[in-house]
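Shown next: run.cif, containing mmCIF, C-alpha atoms.
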data_final
#
loop_
_atom_site.label_atom_id
_atom_site.label_comp_id
_atom_site.auth_asym_id
_atom_site.auth_seq_id
_atom_site.Cartn_x
_atom_site.Cartn_y
_atom_site.Cartn_z
CA MET A 1 38.08 4.44 -8.18
CA THR A 2 37.08 1.64 -5.87
CA ALA A 3 34.95 -1.05 -7.51
CA PHE A 4 32.02 -1.36 -5.14
CA VAL A 5 29.15 -2.95 -7.04
CA PHE A 6 30.25 -6.59 -6.85
CA ASN A 7 31.11 -6.17 -3.18
CA GLU A 8 27.88 -4.35 -2.35
CA PRO A 9 25.97 -6.47 0.24
CA ASN A 10 22.84 -6.29 -1.92
CA PHE A 11 24.48 -7.35 -5.18
CA ASP A 12 23.10 -10.90 -4.88
CA ALA A 13 24.29 -12.17 -8.28
CA HIS A 14 22.61 -9.47 -10.36
CA GLU A 15 22.81 -10.35 -14.04
CA GLN A 16 23.48 -6.79 -15.12
CA VAL A 17 23.92 -3.30 -13.64
CA VAL A 18 24.04 -0.42 -16.12
CA PHE A 19 25.08 3.14 -15.32
CA VAL A 20 23.49 5.64 -17.71
CA SER A 21 24.75 9.17 -18.34
CA GLU A 22 23.32 11.55 -20.92
CA PRO A 23 24.83 15.04 -20.49
CA LYS A 24 22.42 16.95 -22.73
CA SER A 25 19.36 16.05 -20.65
CA GLY A 26 21.31 15.71 -17.41
CA LEU A 27 20.22 12.09 -16.97
CA LYS A 28 22.10 10.08 -14.39
CA ALA A 29 20.46 6.71 -13.90
CA ILE A 30 21.17 3.16 -12.84
CA ILE A 31 19.39 0.15 -14.31
CA ALA A 32 19.62 -3.12 -12.40
CA VAL A 33 18.58 -6.46 -13.89
CA HIS A 34 18.51 -9.06 -11.14
CA ASN A 35 17.06 -12.19 -12.71
CA THR A 36 15.43 -13.07 -16.06
CA HIS A 37 14.85 -16.81 -15.57
CA LEU A 38 11.06 -16.45 -15.75
CA GLY A 39 11.02 -13.71 -18.39
CA PRO A 40 12.17 -10.13 -19.04
CA ALA A 41 12.99 -8.16 -15.91
CA MET A 42 10.20 -5.78 -14.97
CA GLY A 43 10.08 -3.11 -12.28
CA GLY A 44 9.45 0.59 -11.97
CA CYS A 45 11.67 3.62 -12.36
CA ARG A 46 12.24 5.59 -9.16
CA MET A 47 13.39 9.23 -9.20
CA TRP A 48 14.93 10.37 -5.95
CA ASN A 49 17.34 13.04 -4.76
CA TYR A 50 19.89 10.55 -3.41
CA ALA A 51 22.54 11.88 -1.08
CA SER A 52 25.23 9.93 -2.95
CA GLU A 53 25.77 7.58 -5.86
CA ALA A 54 26.47 4.77 -3.39
CA GLU A 55 23.07 5.30 -1.82
CA ALA A 56 21.45 5.09 -5.26
CA VAL A 57 23.31 1.85 -6.02
CA THR A 58 22.18 0.29 -2.75
CA ASP A 59 18.59 1.30 -3.40
CA VAL A 60 18.41 0.03 -6.98
CA LEU A 61 20.01 -3.31 -6.07
CA ARG A 62 17.64 -3.87 -3.14
CA LEU A 63 14.61 -2.88 -5.22
CA SER A 64 15.66 -4.97 -8.22
CA ARG A 65 16.18 -8.10 -6.14
CA GLY A 66 12.86 -7.46 -4.45
CA MET A 67 11.11 -7.35 -7.83
CA THR A 68 12.42 -10.81 -8.72
CA TYR A 69 10.92 -12.21 -5.53
CA LYS A 70 7.72 -10.18 -5.87
CA ASN A 71 7.08 -11.20 -9.46
CA ALA A 72 7.83 -14.87 -8.76
CA VAL A 73 5.55 -15.09 -5.71
CA ALA A 74 2.79 -13.33 -7.65
CA GLY A 75 2.98 -16.04 -10.32
CA LEU A 76 3.95 -13.65 -13.12
CA PRO A 77 5.94 -14.70 -16.23
CA ILE A 78 8.57 -12.00 -15.69
CA GLY A 79 11.85 -11.50 -13.90
CA GLY A 80 12.99 -8.70 -11.64
CA GLY A 81 14.68 -5.40 -12.32
CA LYS A 82 14.54 -1.76 -11.33
CA SER A 83 15.89 1.62 -12.37
CA VAL A 84 16.59 4.81 -10.48
CA ILE A 85 17.15 8.34 -11.70
CA ILE A 86 19.32 10.52 -9.48
CA GLY A 87 17.56 13.87 -9.20
CA ASN A 88 14.80 15.86 -7.53
CA PRO A 89 11.45 14.70 -8.94
CA LYS A 90 9.88 18.06 -8.13
CA THR A 91 12.42 20.25 -9.93
CA ASP A 92 14.58 18.17 -12.30
CA LYS A 93 12.06 16.47 -14.58
CA THR A 94 12.03 17.20 -18.31
CA PRO A 95 10.68 15.28 -21.29
CA ALA A 96 14.25 14.97 -22.58
CA LEU A 97 15.34 13.29 -19.35
CA PHE A 98 12.81 10.49 -19.74
CA GLU A 99 13.39 10.20 -23.48
CA ALA A 100 17.07 9.62 -22.71
CA LEU A 101 16.07 6.88 -20.30
CA GLY A 102 13.96 5.36 -23.07
CA GLU A 103 16.98 5.32 -25.37
CA ALA A 104 18.96 3.50 -22.67
CA LEU A 105 16.22 0.90 -22.30
CA GLU A 106 16.12 0.42 -26.05
CA ARG A 107 19.82 -0.39 -26.04
CA LEU A 108 19.12 -3.20 -23.56
CA GLY A 109 16.89 -4.83 -26.16
CA GLY A 110 14.00 -5.82 -23.91
CA ARG A 111 15.91 -7.37 -21.03
CA TYR A 112 14.29 -4.76 -18.77
CA VAL A 113 10.84 -3.19 -18.92
CA THR A 114 10.12 -0.13 -16.79
CA ALA A 115 7.02 1.57 -15.38
CA GLU A 116 6.23 4.30 -12.86
CA ASP A 117 7.44 4.22 -9.28
CA VAL A 118 8.16 6.69 -6.48
CA GLY A 119 8.86 10.07 -8.04
CA THR A 120 7.63 9.16 -11.53
CA SER A 121 4.21 9.00 -13.17
CA PRO A 122 2.35 7.63 -16.21
CA ALA A 123 3.01 11.00 -17.88
CA ASP A 124 6.76 10.48 -17.42
CA MET A 125 6.47 6.98 -18.84
CA ALA A 126 4.78 8.44 -21.93
CA HIS A 127 8.02 10.33 -22.63
CA VAL A 128 10.01 7.12 -22.15
CA ALA A 129 7.68 5.48 -24.67
CA GLN A 130 8.73 8.03 -27.30
CA LYS A 131 12.05 6.16 -27.54
CA THR A 132 11.25 2.56 -26.61
CA SER A 133 8.45 0.03 -26.41
CA PHE A 134 9.94 -1.50 -23.26
CA VAL A 135 7.73 0.50 -20.91
CA ALA A 136 4.37 -0.12 -19.25
CA GLY A 137 1.92 1.82 -17.11
CA LEU A 138 0.82 4.25 -19.80
CA GLY A 139 -2.30 6.32 -20.34
CA ALA A 140 -5.28 7.15 -18.18
CA SER A 141 -5.48 3.62 -16.81
CA GLY A 142 -1.73 3.36 -16.33
CA ASP A 143 -1.58 4.19 -12.61
CA PRO A 144 -1.05 0.86 -10.80
CA SER A 145 -1.38 2.32 -7.28
CA PRO A 146 -5.08 1.39 -6.76
CA PHE A 147 -4.19 -2.25 -7.37
CA THR A 148 -1.24 -2.06 -4.99
CA ALA A 149 -3.61 -0.65 -2.36
CA LEU A 150 -6.15 -3.41 -3.04
CA GLY A 151 -3.47 -6.07 -2.58
CA CYS A 152 -2.41 -4.50 0.71
CA PHE A 153 -6.00 -4.45 1.91
CA VAL A 154 -6.71 -8.12 1.12
CA GLY A 155 -3.31 -8.95 2.60
CA ALA A 156 -4.21 -7.12 5.79
CA GLN A 157 -7.47 -9.03 5.92
CA ALA A 158 -5.55 -12.31 5.70
CA ALA A 159 -3.20 -11.18 8.47
CA VAL A 160 -6.07 -10.14 10.72
CA LYS A 161 -7.78 -13.48 10.19
CA HIS A 162 -4.60 -15.41 11.01
CA GLN A 163 -3.28 -13.32 13.90
CA LEU A 164 -6.43 -11.92 15.50
CA LYS A 165 -8.83 -14.73 14.52
CA ARG A 166 -11.42 -12.34 13.16
CA ASP A 167 -12.96 -11.61 9.77
CA SER A 168 -13.74 -7.94 10.30
CA MET A 169 -11.62 -4.78 10.41
CA GLU A 170 -14.29 -2.99 12.44
CA GLY A 171 -12.75 -1.06 15.31
CA LEU A 172 -9.15 -2.08 14.62
CA ILE A 173 -6.53 0.65 14.96
CA VAL A 174 -4.12 1.05 12.05
CA ALA A 175 -0.97 3.16 12.36
CA LEU A 176 -0.37 4.12 8.75
CA GLN A 177 2.89 5.75 7.68
CA GLY A 178 2.82 7.52 4.32
CA LEU A 179 -0.18 8.96 2.47
CA GLY A 180 1.00 8.86 -1.13
CA HIS A 181 -1.11 7.40 -3.94
CA VAL A 182 -0.95 3.88 -2.52
CA GLY A 183 -1.04 4.82 1.16
CA TYR A 184 -4.06 7.05 0.84
CA ASP A 185 -6.08 4.54 -1.18
CA TYR A 186 -5.15 1.82 1.32
CA ALA A 187 -6.24 4.13 4.15
CA ARG A 188 -9.52 4.77 2.35
CA ARG A 189 -10.21 1.05 2.08
CA LEU A 190 -9.35 0.49 5.74
CA HIS A 191 -11.64 3.33 6.79
CA ALA A 192 -14.49 1.93 4.69
CA ALA A 193 -14.01 -1.41 6.44
CA GLY A 194 -14.44 0.23 9.86
CA ALA A 195 -10.81 0.60 10.95
CA LYS A 196 -9.64 3.62 12.95
CA LEU A 197 -6.66 5.39 11.39
CA VAL A 198 -3.66 7.05 12.98
CA VAL A 199 -1.52 8.57 10.23
CA ALA A 200 1.85 10.25 9.72
CA ASP A 201 3.37 11.95 6.69
CA ILE A 202 5.56 14.92 5.81
CA ASP A 203 2.84 16.19 3.45
CA GLN A 204 0.58 18.46 5.50
CA ALA A 205 -2.07 18.62 2.76
CA ALA A 206 -2.34 14.83 2.69
CA LEU A 207 -2.65 14.73 6.47
CA GLU A 208 -5.41 17.34 6.46
CA ARG A 209 -7.26 15.42 3.75
CA ALA A 210 -7.03 12.19 5.76
CA ARG A 211 -8.27 13.99 8.86
CA ARG A 212 -11.18 15.53 6.96
CA GLU A 213 -12.23 12.61 4.75
CA LEU A 214 -11.25 9.57 6.83
CA GLY A 215 -11.51 10.88 10.38
CA ALA A 216 -7.84 10.03 10.87
CA GLU A 217 -5.83 11.05 13.90
CA VAL A 218 -2.57 12.74 12.91
CA VAL A 219 0.71 12.16 14.77
CA PRO A 220 4.27 13.43 14.12
CA VAL A 221 6.31 11.36 11.67
CA ASP A 222 8.57 9.80 14.28
CA SER A 223 5.70 9.04 16.68
CA ILE A 224 3.95 6.54 14.42
CA TYR A 225 6.03 3.68 15.88
CA ASP A 226 4.74 4.39 19.39
CA VAL A 227 1.04 4.14 18.52
CA GLN A 228 -0.87 1.43 20.37
CA ALA A 229 -2.27 -0.18 17.22
CA ASP A 230 -3.41 -3.52 15.89
CA ILE A 231 -1.67 -2.97 12.54
CA TYR A 232 1.41 -0.97 11.61
CA ALA A 233 1.21 -0.11 7.90
CA PRO A 234 4.48 1.25 6.48
CA CYS A 235 3.61 2.88 3.14
CA ALA A 236 6.53 5.26 2.65
CA LEU A 237 10.18 4.40 2.03
CA GLY A 238 11.86 1.19 3.19
CA ALA A 239 13.86 -0.04 6.18
CA THR A 240 11.46 1.36 8.78
CA LEU A 241 11.61 -2.00 10.57
CA ASN A 242 15.01 -1.77 12.22
CA PRO A 243 16.58 -2.17 15.68
CA ASN A 244 15.63 1.39 16.63
CA THR A 245 11.95 1.06 15.78
CA LEU A 246 11.44 -2.58 16.72
CA SER A 247 11.63 -1.90 20.43
CA ARG A 248 8.97 0.80 20.08
CA LEU A 249 6.52 -1.08 17.90
CA LYS A 250 3.30 -2.02 19.71
CA ALA A 251 1.32 -3.42 16.79
CA LYS A 252 0.38 -7.09 16.45
CA ILE A 253 0.62 -7.07 12.65
CA VAL A 254 2.81 -5.35 10.05
CA ALA A 255 0.99 -5.00 6.74
CA GLY A 256 2.05 -2.14 4.50
CA ALA A 257 2.93 -1.15 0.95
CA ALA A 258 6.55 0.00 1.32
CA ASN A 259 9.34 -1.94 -0.37
CA ASN A 260 12.23 -3.42 1.61
CA GLN A 261 10.62 -2.86 4.99
CA LEU A 262 13.18 -4.96 6.87
CA ALA A 263 16.42 -3.02 7.35
CA THR A 264 18.27 -6.35 7.65
CA ALA A 265 17.18 -9.94 7.14
CA ASP A 266 17.37 -10.79 10.85
CA ILE A 267 14.56 -8.35 11.62
CA GLY A 268 12.12 -10.98 10.33
CA GLU A 269 13.10 -13.34 13.13
CA ALA A 270 13.03 -10.49 15.64
CA LEU A 271 9.43 -9.75 14.68
CA ARG A 272 8.54 -13.41 15.08
CA GLN A 273 10.13 -13.47 18.53
CA LYS A 274 8.03 -10.46 19.53
CA GLY A 275 4.86 -12.19 18.33
CA ILE A 276 4.31 -9.67 15.53
CA LEU A 277 2.95 -11.13 12.30
CA TYR A 278 4.78 -9.66 9.31
CA ALA A 279 3.16 -9.69 5.89
CA PRO A 280 6.28 -9.83 3.66
CA ASP A 281 6.41 -6.64 1.66
CA PHE A 282 7.07 -8.19 -1.74
CA VAL A 283 4.02 -10.44 -1.34
CA ILE A 284 1.50 -7.91 -0.05
CA ASN A 285 2.45 -5.03 -2.35
CA ALA A 286 2.49 -6.96 -5.64
CA GLY A 287 -0.84 -5.60 -6.90
CA GLY A 288 0.74 -2.81 -8.93
CA ILE A 289 3.18 -5.02 -10.82
CA ILE A 290 0.39 -7.52 -11.51
CA LYS A 291 -1.58 -4.71 -13.17
CA VAL A 292 1.44 -3.47 -15.13
CA CYS A 293 2.37 -6.97 -16.28
CA TYR A 294 -1.15 -7.66 -17.53
CA GLU A 295 -1.10 -4.43 -19.49
CA TYR A 296 2.34 -5.03 -21.00
CA LEU A 297 1.51 -8.60 -22.04
CA SER A 298 -1.94 -7.55 -23.33
CA LYS A 299 -3.72 -9.90 -20.95
CA PRO A 300 -7.41 -9.17 -20.16
CA GLU A 301 -7.82 -6.15 -17.86
CA ALA A 302 -10.88 -7.81 -16.37
CA ASP A 303 -8.68 -10.54 -14.87
CA VAL A 304 -6.37 -8.18 -12.97
CA GLU A 305 -8.49 -7.73 -9.84
CA ALA A 306 -9.01 -11.47 -9.39
CA HIS A 307 -5.26 -12.03 -9.62
CA VAL A 308 -4.57 -9.24 -7.12
CA ARG A 309 -7.07 -10.70 -4.67
CA GLN A 310 -5.07 -13.95 -4.70
CA ILE A 311 -2.47 -12.07 -2.63
CA GLY A 312 -4.63 -12.76 0.41
CA ASP A 313 -4.58 -16.50 -0.29
CA THR A 314 -0.81 -16.49 -0.84
CA LEU A 315 -0.23 -14.72 2.45
CA ALA A 316 -2.53 -17.11 4.29
CA GLU A 317 -0.36 -19.97 3.00
CA VAL A 318 2.86 -18.17 4.01
CA PHE A 319 1.51 -17.48 7.51
CA ALA A 320 0.38 -21.09 8.00
CA ARG A 321 3.67 -22.55 6.77
CA ALA A 322 5.75 -20.15 8.88
CA GLU A 323 3.79 -21.12 11.97
CA ARG A 324 4.05 -24.80 11.17
CA GLU A 325 7.80 -24.68 10.54
CA GLY A 326 8.69 -22.17 13.26
CA LEU A 327 10.22 -19.75 10.76
CA PRO A 328 9.87 -16.03 10.07
CA THR A 329 7.31 -15.25 7.39
CA SER A 330 10.04 -13.39 5.50
CA VAL A 331 12.10 -16.58 5.17
CA VAL A 332 9.12 -18.64 4.05
CA ALA A 333 8.15 -16.06 1.42
CA ASP A 334 11.73 -16.03 0.11
CA ARG A 335 11.69 -19.81 -0.22
CA VAL A 336 8.39 -19.80 -2.09
CA ALA A 337 9.81 -17.27 -4.55
CA GLU A 338 13.13 -19.06 -4.99
CA GLN A 339 11.40 -22.32 -5.81
CA ARG A 340 9.85 -20.52 -8.76
CA PHE A 341 12.64 -18.37 -10.22
CA LYS A 342 15.81 -20.32 -9.54
CA PRO A 343 16.74 -22.86 -12.23
CA ALA A 344 16.45 -26.49 -11.11
#

Translate this file's structure into structure tokens.
Amino acid sequence: MTAFVFNEPNFDAHEQVVFVSEPKSGLKAIIAVHNTHLGPAMGGCRMWNYASEAEAVTDVLRLSRGMTYKNAVAGLPIGGGKSVIIGNPKTDKTPALFEALGEALERLGGRYVTAEDVGTSPADMAHVAQKTSFVAGLGASGDPSPFTALGCFVGAQAAVKHQLKRDSMEGLIVALQGLGHVGYDYARRLHAAGAKLVVADIDQAALERARRELGAEVVPVDSIYDVQADIYAPCALGATLNPNTLSRLKAKIVAGAANNQLATADIGEALRQKGILYAPDFVINAGGIIKVCYEYLSKPEADVEAHVRQIGDTLAEVFARAEREGLPTSVVADRVAEQRFKPA
């Protein structure tokens, strides 16, 4: 077998990568711990029907690294990690599957704390909690998606103020891709602020709901990049900013909830060259992990919203510094994070 993890382009000095197999439940998972300099690694558990194990490895490494940067920029006392379960979240879930994941986390002794992510839910995390205490996002208030959506909204406000020199969303056109828990709540906030929505998703029920409740215009999934919009809001899976889409993008701002939006690092500079202001994904979408971290560390719930709203201030600083130094916002955001999590 070819050893591919250390040579994977996204390995980036991960501290630990654990492959988990539990035949009785059918669990096949990968846990990636990127950096624990600021505290235990924290990041959600994604369940996805990956086409190959290599694809799952790439995803978990990219997501884990992203959590280190996200948590550091958000000013949280935690490091970055992530886990993925290989399987169909609609057909392969069982309590035993998540209990087996909990046992795997317990063996790590607290180096990694999980929570919900794409394809998993607070109910799934409750099964994980049967076997370990290293899990967050539990119970009726466990869903972090409203806080992720709030962070995206205040981040979009900061981007609009910087790029368009205006304080209001009234009349702005937002091309929003992905109407999951976060995407829909973000769309709802944009609509309430007076923005006009053009949306795309593979979920027809979600599209119909957005059309009915938010007055959204619906376009085919691949057409979202061609919309003449003020803001492109990627809220589905990552890497939608790539050489193929960049030439089609007509928006002035990119401000969305998806992780790893840049297919490659050089896309950040390409966006800058095109005059498109990019709100770095790991800065703007940190609201959910802020909520989860507060819960796990038993910090006051009442303080969560104020912390999430600071995302707008952080982005304003990133935008101003990037403009001042002639750098992509993605590079500036990376440097801010690295100053915090890398040992002196």

What lies within 10 Å of Lys252 (chain A) using only C-alpha atoms, ignoring chain neighbours under 3 positions off, as a list of chain:residue names? A:Ala159, A:Val160, A:Gln163, A:Leu164, A:Gln228, A:Ala229, A:Asp230, A:Ile231, A:Tyr232, A:Leu249, A:Ala255, A:Leu271, A:Lys274, A:Gly275, A:Ile276, A:Leu277, A:Tyr278

Filtering to C-alpha atoms, could you give me those residues as a PDB file, keeping the file's coordinate frame?
ATOM      1  CA  ALA A 159      -3.200 -11.180   8.470  1.00  0.00           C
ATOM      2  CA  VAL A 160      -6.070 -10.140  10.720  1.00  0.00           C
ATOM      3  CA  GLN A 163      -3.280 -13.320  13.900  1.00  0.00           C
ATOM      4  CA  LEU A 164      -6.430 -11.920  15.500  1.00  0.00           C
ATOM      5  CA  GLN A 228      -0.870   1.430  20.370  1.00  0.00           C
ATOM      6  CA  ALA A 229      -2.270  -0.180  17.220  1.00  0.00           C
ATOM      7  CA  ASP A 230      -3.410  -3.520  15.890  1.00  0.00           C
ATOM      8  CA  ILE A 231      -1.670  -2.970  12.540  1.00  0.00           C
ATOM      9  CA  TYR A 232       1.410  -0.970  11.610  1.00  0.00           C
ATOM     10  CA  LEU A 249       6.520  -1.080  17.900  1.00  0.00           C
ATOM     11  CA  ALA A 255       0.990  -5.000   6.740  1.00  0.00           C
ATOM     12  CA  LEU A 271       9.430  -9.750  14.680  1.00  0.00           C
ATOM     13  CA  LYS A 274       8.030 -10.460  19.530  1.00  0.00           C
ATOM     14  CA  GLY A 275       4.860 -12.190  18.330  1.00  0.00           C
ATOM     15  CA  ILE A 276       4.310  -9.670  15.530  1.00  0.00           C
ATOM     16  CA  LEU A 277       2.950 -11.130  12.300  1.00  0.00           C
ATOM     17  CA  TYR A 278       4.780  -9.660   9.310  1.00  0.00           C
TER      18      TYR A 278
END

Which residues of region 107-136 of chain A come within 8 Å of region 46-57 of chain A, and what is each one's closest atom pair and distance in Å (one decimal), counting only C-alpha atoms, sorted by chain and residue number, as a tab-separated table?
residue	atom	partner	partner_atom	distance
A:Glu116	CA	A:Arg46	CA	7.2
A:Asp117	CA	A:Arg46	CA	5.0
A:Val118	CA	A:Arg46	CA	5.0
A:Gly119	CA	A:Met47	CA	4.8
A:Thr120	CA	A:Met47	CA	6.2

Please list as a ChimeraX atom specification every residue within 9 Å of Ile289 (chain A), counting only C-alpha atoms and excluding residues in the same chain fewer than 3 positions away. /A:42-44,67,70-71,74,76,115,144,147-148,285-286,292-294

Write the residues of the selection above to a file with C-alpha atoms, as a compact mmCIF listing (two decimals), in the frame of the given file.
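out34.txt, freshly written:
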# COMPACT_ATOMS: atom_id res chain seq x y z
CA MET A 42 10.20 -5.78 -14.97
CA GLY A 43 10.08 -3.11 -12.28
CA GLY A 44 9.45 0.59 -11.97
CA MET A 67 11.11 -7.35 -7.83
CA LYS A 70 7.72 -10.18 -5.87
CA ASN A 71 7.08 -11.20 -9.46
CA ALA A 74 2.79 -13.33 -7.65
CA LEU A 76 3.95 -13.65 -13.12
CA ALA A 115 7.02 1.57 -15.38
CA PRO A 144 -1.05 0.86 -10.80
CA PHE A 147 -4.19 -2.25 -7.37
CA THR A 148 -1.24 -2.06 -4.99
CA ASN A 285 2.45 -5.03 -2.35
CA ALA A 286 2.49 -6.96 -5.64
CA VAL A 292 1.44 -3.47 -15.13
CA CYS A 293 2.37 -6.97 -16.28
CA TYR A 294 -1.15 -7.66 -17.53

Check what the PyMOL selection byres ((chain A and resi 268) around 8) selects in the file above and give those residues as a count of residues only. 13

To one decimal place, how far is CA of Leu27 (chain A) from CA of Val84 (chain A) in Å?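 CA of Leu27 (chain A) sits 10.4 Å away from CA of Val84 (chain A).
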
Write out as a PDB file with C-alpha atoms, keeping the file's coordinate frame the residues lying within 10 Å of Arg309 (chain A), counting all atoms listed in the file and excluding same-chain residues fewer than 2 positions away.
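File written: around14.pdb
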ATOM      1  CA  PHE A 147      -4.190  -2.250  -7.370  1.00  0.00           C
ATOM      2  CA  LEU A 150      -6.150  -3.410  -3.040  1.00  0.00           C
ATOM      3  CA  GLY A 151      -3.470  -6.070  -2.580  1.00  0.00           C
ATOM      4  CA  CYS A 152      -2.410  -4.500   0.710  1.00  0.00           C
ATOM      5  CA  PHE A 153      -6.000  -4.450   1.910  1.00  0.00           C
ATOM      6  CA  VAL A 154      -6.710  -8.120   1.120  1.00  0.00           C
ATOM      7  CA  GLY A 155      -3.310  -8.950   2.600  1.00  0.00           C
ATOM      8  CA  GLY A 287      -0.840  -5.600  -6.900  1.00  0.00           C
ATOM      9  CA  VAL A 304      -6.370  -8.180 -12.970  1.00  0.00           C
ATOM     10  CA  GLU A 305      -8.490  -7.730  -9.840  1.00  0.00           C
ATOM     11  CA  ALA A 306      -9.010 -11.470  -9.390  1.00  0.00           C
ATOM     12  CA  HIS A 307      -5.260 -12.030  -9.620  1.00  0.00           C
ATOM     13  CA  ILE A 311      -2.470 -12.070  -2.630  1.00  0.00           C
ATOM     14  CA  GLY A 312      -4.630 -12.760   0.410  1.00  0.00           C
ATOM     15  CA  ASP A 313      -4.580 -16.500  -0.290  1.00  0.00           C
ATOM     16  CA  THR A 314      -0.810 -16.490  -0.840  1.00  0.00           C
TER      17      THR A 314
END
